[in-house]
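Report on the following structure.
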Amino acid sequence: MKKVFSVAALLLALTGSAAAQSWNGFYVGGSGGYGWGTSDQTGLIPPAPTSPVIPPDDAKINISGGLIGGGLGWNSQYGMWVLGIEGDYSYAAISGRSDNCGTLPNSCGSRLESFGTVRGRLGVVFDGMMLYGTGGWAFGEVSGFSSAKSSGNAMYSGWTIGAGIEKHFAPQWSMKFEYLYSDLGDRDLYQANVPGFPENVAVKVNTVRLGINYSFQPHIAPAAPMVTKSRPLK
């Protein structure tokens, strides 16, 4: 993780310093990055005909992988403060599996197939950059399976919170680096062939993304008035 943050900081620094600029207006952009987290699977396996015991089919699986997508947003600047809203959606391949799930070992796994957010942003501008906090709604499609049961997929809905840094490198272009923690909640994703034995799957994920935005309004502040030195009358 230290390498990821170091590379992001270097890329933002290489964009160079910019003159005082405005952060107002609508923008679109793209981003890509990496995600990691956990998938908790809990449930019961149907009892065998020869045994009344119902063993738990529980597992905590580490998931990881990449994501890439795009988004759009709007900013309004008030002095050194920037207030905005942003929405994004990404294709994701954040997955994991285990061959030792449950009391009676079986294979199980989860995958975050897509990931999206709708968030508010509150930033502070200094030295040509904006530091911001962000939070709001997170959603995504999750799939899962268990060799002792079945498989399934569904759209999840939860919340997200994080922070980022953004910097202009041209009048209408900026680069950003962002971290989000997202809790997508849980739901009964699939169940055994015998009704009444669902598998509940919960997903929590961290993401780091590097993105580039294009603003429809040039981010150039008005030029300062020119002061000329008057000559004395002869």
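Residue names in the structure tokens use chain letters A, B, ... in the order shown, residue numbers from 1 in each chain, and ligand numbers from 1 in the order shown.
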
Test item: residues at most 9 Å from segment 119-131 of chain A, only C-alpha atoms, excluding those fewer than 6 positions along its chain, as a PyMOL selection string:
chain A and resi 17-21+23+75+79-88+137-138+160-161+163-168

What lies within 8 Å of Gly35 of chain A using only C-alpha atoms, ignoring chain neighbours under 5 positions off, as an mmCIF file with N, CA and C atoms, in the first residue's frame?
data_model
loop_
_atom_site.group_PDB
_atom_site.id
_atom_site.type_symbol
_atom_site.label_atom_id
_atom_site.label_comp_id
_atom_site.auth_asym_id
_atom_site.auth_seq_id
_atom_site.Cartn_x
_atom_site.Cartn_y
_atom_site.Cartn_z
ATOM 1 N N SER A 64 -9.937 -9.518 -3.475
ATOM 2 C CA SER A 64 -9.079 -8.462 -4.015
ATOM 3 C C SER A 64 -9.155 -8.489 -5.535
ATOM 4 N N GLY A 65 -8.755 -7.384 -6.162
ATOM 5 C CA GLY A 65 -8.753 -7.304 -7.617
ATOM 6 C C GLY A 65 -8.862 -5.869 -8.101
ATOM 7 N N GLY A 66 -8.989 -5.715 -9.406
ATOM 8 C CA GLY A 66 -8.997 -4.395 -10.014
ATOM 9 C C GLY A 66 -10.389 -3.896 -10.360
ATOM 10 N N LEU A 67 -10.462 -2.616 -10.719
ATOM 11 C CA LEU A 67 -11.704 -2.007 -11.189
ATOM 12 C C LEU A 67 -11.360 -0.835 -12.107
ATOM 13 N N ILE A 94 -13.167 -8.018 -8.243
ATOM 14 C CA ILE A 94 -12.653 -8.120 -6.876
ATOM 15 C C ILE A 94 -13.217 -9.407 -6.278
ATOM 16 N N VAL A 205 -15.441 -3.525 1.325
ATOM 17 C CA VAL A 205 -14.315 -3.374 0.396
ATOM 18 C C VAL A 205 -13.649 -2.012 0.539
ATOM 19 N N ASN A 206 -12.319 -2.004 0.433
ATOM 20 C CA ASN A 206 -11.519 -0.783 0.336
ATOM 21 C C ASN A 206 -11.101 -0.610 -1.121
ATOM 22 N N THR A 207 -11.102 0.613 -1.607
ATOM 23 C CA THR A 207 -10.639 0.863 -2.974
ATOM 24 C C THR A 207 -9.715 2.080 -2.999
ATOM 25 N N VAL A 208 -8.689 1.995 -3.839
ATOM 26 C CA VAL A 208 -7.851 3.150 -4.160
ATOM 27 C C VAL A 208 -7.920 3.326 -5.673
#

Neighbouring residues of Gly196 of chain A were defined as those with any atom within 12 Å, considering only C-alpha atoms; residues of the same chain fewer than 2 positions away were excluded. Please report them as JSON, numbers by chain.
{"A": [43, 44, 45, 46, 47, 149, 188, 190, 191, 192, 193, 194, 198, 199, 200]}

Choose the residue, out of A:Gly96, A:Gly152, A:Gly133, A:Pro49, that has the smallest atom-to-atom separation from Ile63 of chain A; count only C-alpha atoms.
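Going through A:Gly96, A:Gly152, A:Gly133, A:Pro49 one by one, the smallest distance to Ile63 of chain A is for A:Gly96.
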
Separation of atom CA of Pro56 of chain A from atom CA of Ala93 of chain A in Å
27.8 Å

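Across the model, the gap from atom CA of Gly162 of chain A to atom CA of Ser31 of chain A is 15.6 Å.
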
Here is a test: counting only C-alpha atoms, which residue of A:Lys60, A:Gly116, A:Gly30, A:Gly109 is nearest to Met175 of chain A?
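Once distances to Met175 of chain A are computed over only C-alpha atoms, the minimum belongs to A:Gly30.
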
Could you pull out all residues of segment 1-175 of chain A with a DSSP call of strand (DSSP E or B) and give them as a count of residues only?
124

A:Thr42, A:Ser157, A:Ser51, A:Ser182 ranked by distance to Phe197 of chain A, top pick (using only C-alpha atoms)
A:Thr42

Could you give me, as a list in words, the residues within 10 Å of Asn106 of chain A, counting only C-alpha atoms and dropping anything in the same chain fewer than 3 positions from it?
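Returned residues: Asp57, Ser98, Asp99, Asn100, Cys101, Gly102, Thr103, Ser146, Ser147, Ala148 and Lys149 of chain A.
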
Which of segment 10-113 of chain A counts as helix (DSSP H, G or I) under DSSP, as a list in words please?
Leu10, Leu11, Leu12, Ala13 and Leu14 of chain A

For those residues, write N, CA and C atoms to a file as a compact mmCIF listing (two decimals), in the first residue's frame.
# COMPACT_ATOMS: atom_id res chain seq x y z
N LEU A 10 3.61 10.98 -6.46
CA LEU A 10 4.57 11.39 -7.48
C LEU A 10 3.86 11.86 -8.74
N LEU A 11 2.83 11.14 -9.17
CA LEU A 11 2.09 11.53 -10.37
C LEU A 11 1.43 12.89 -10.20
N LEU A 12 0.86 13.14 -9.03
CA LEU A 12 0.22 14.43 -8.77
C LEU A 12 1.27 15.54 -8.75
N ALA A 13 2.44 15.25 -8.20
CA ALA A 13 3.49 16.26 -8.15
C ALA A 13 4.01 16.59 -9.54
N LEU A 14 4.09 15.58 -10.42
CA LEU A 14 4.61 15.80 -11.76
C LEU A 14 3.70 16.63 -12.64

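Nearest to Tyr78 of chain A of all the residues A:Asn24, A:Ser39, A:Asn62, A:Thr117 is A:Asn24, based on only C-alpha atoms.
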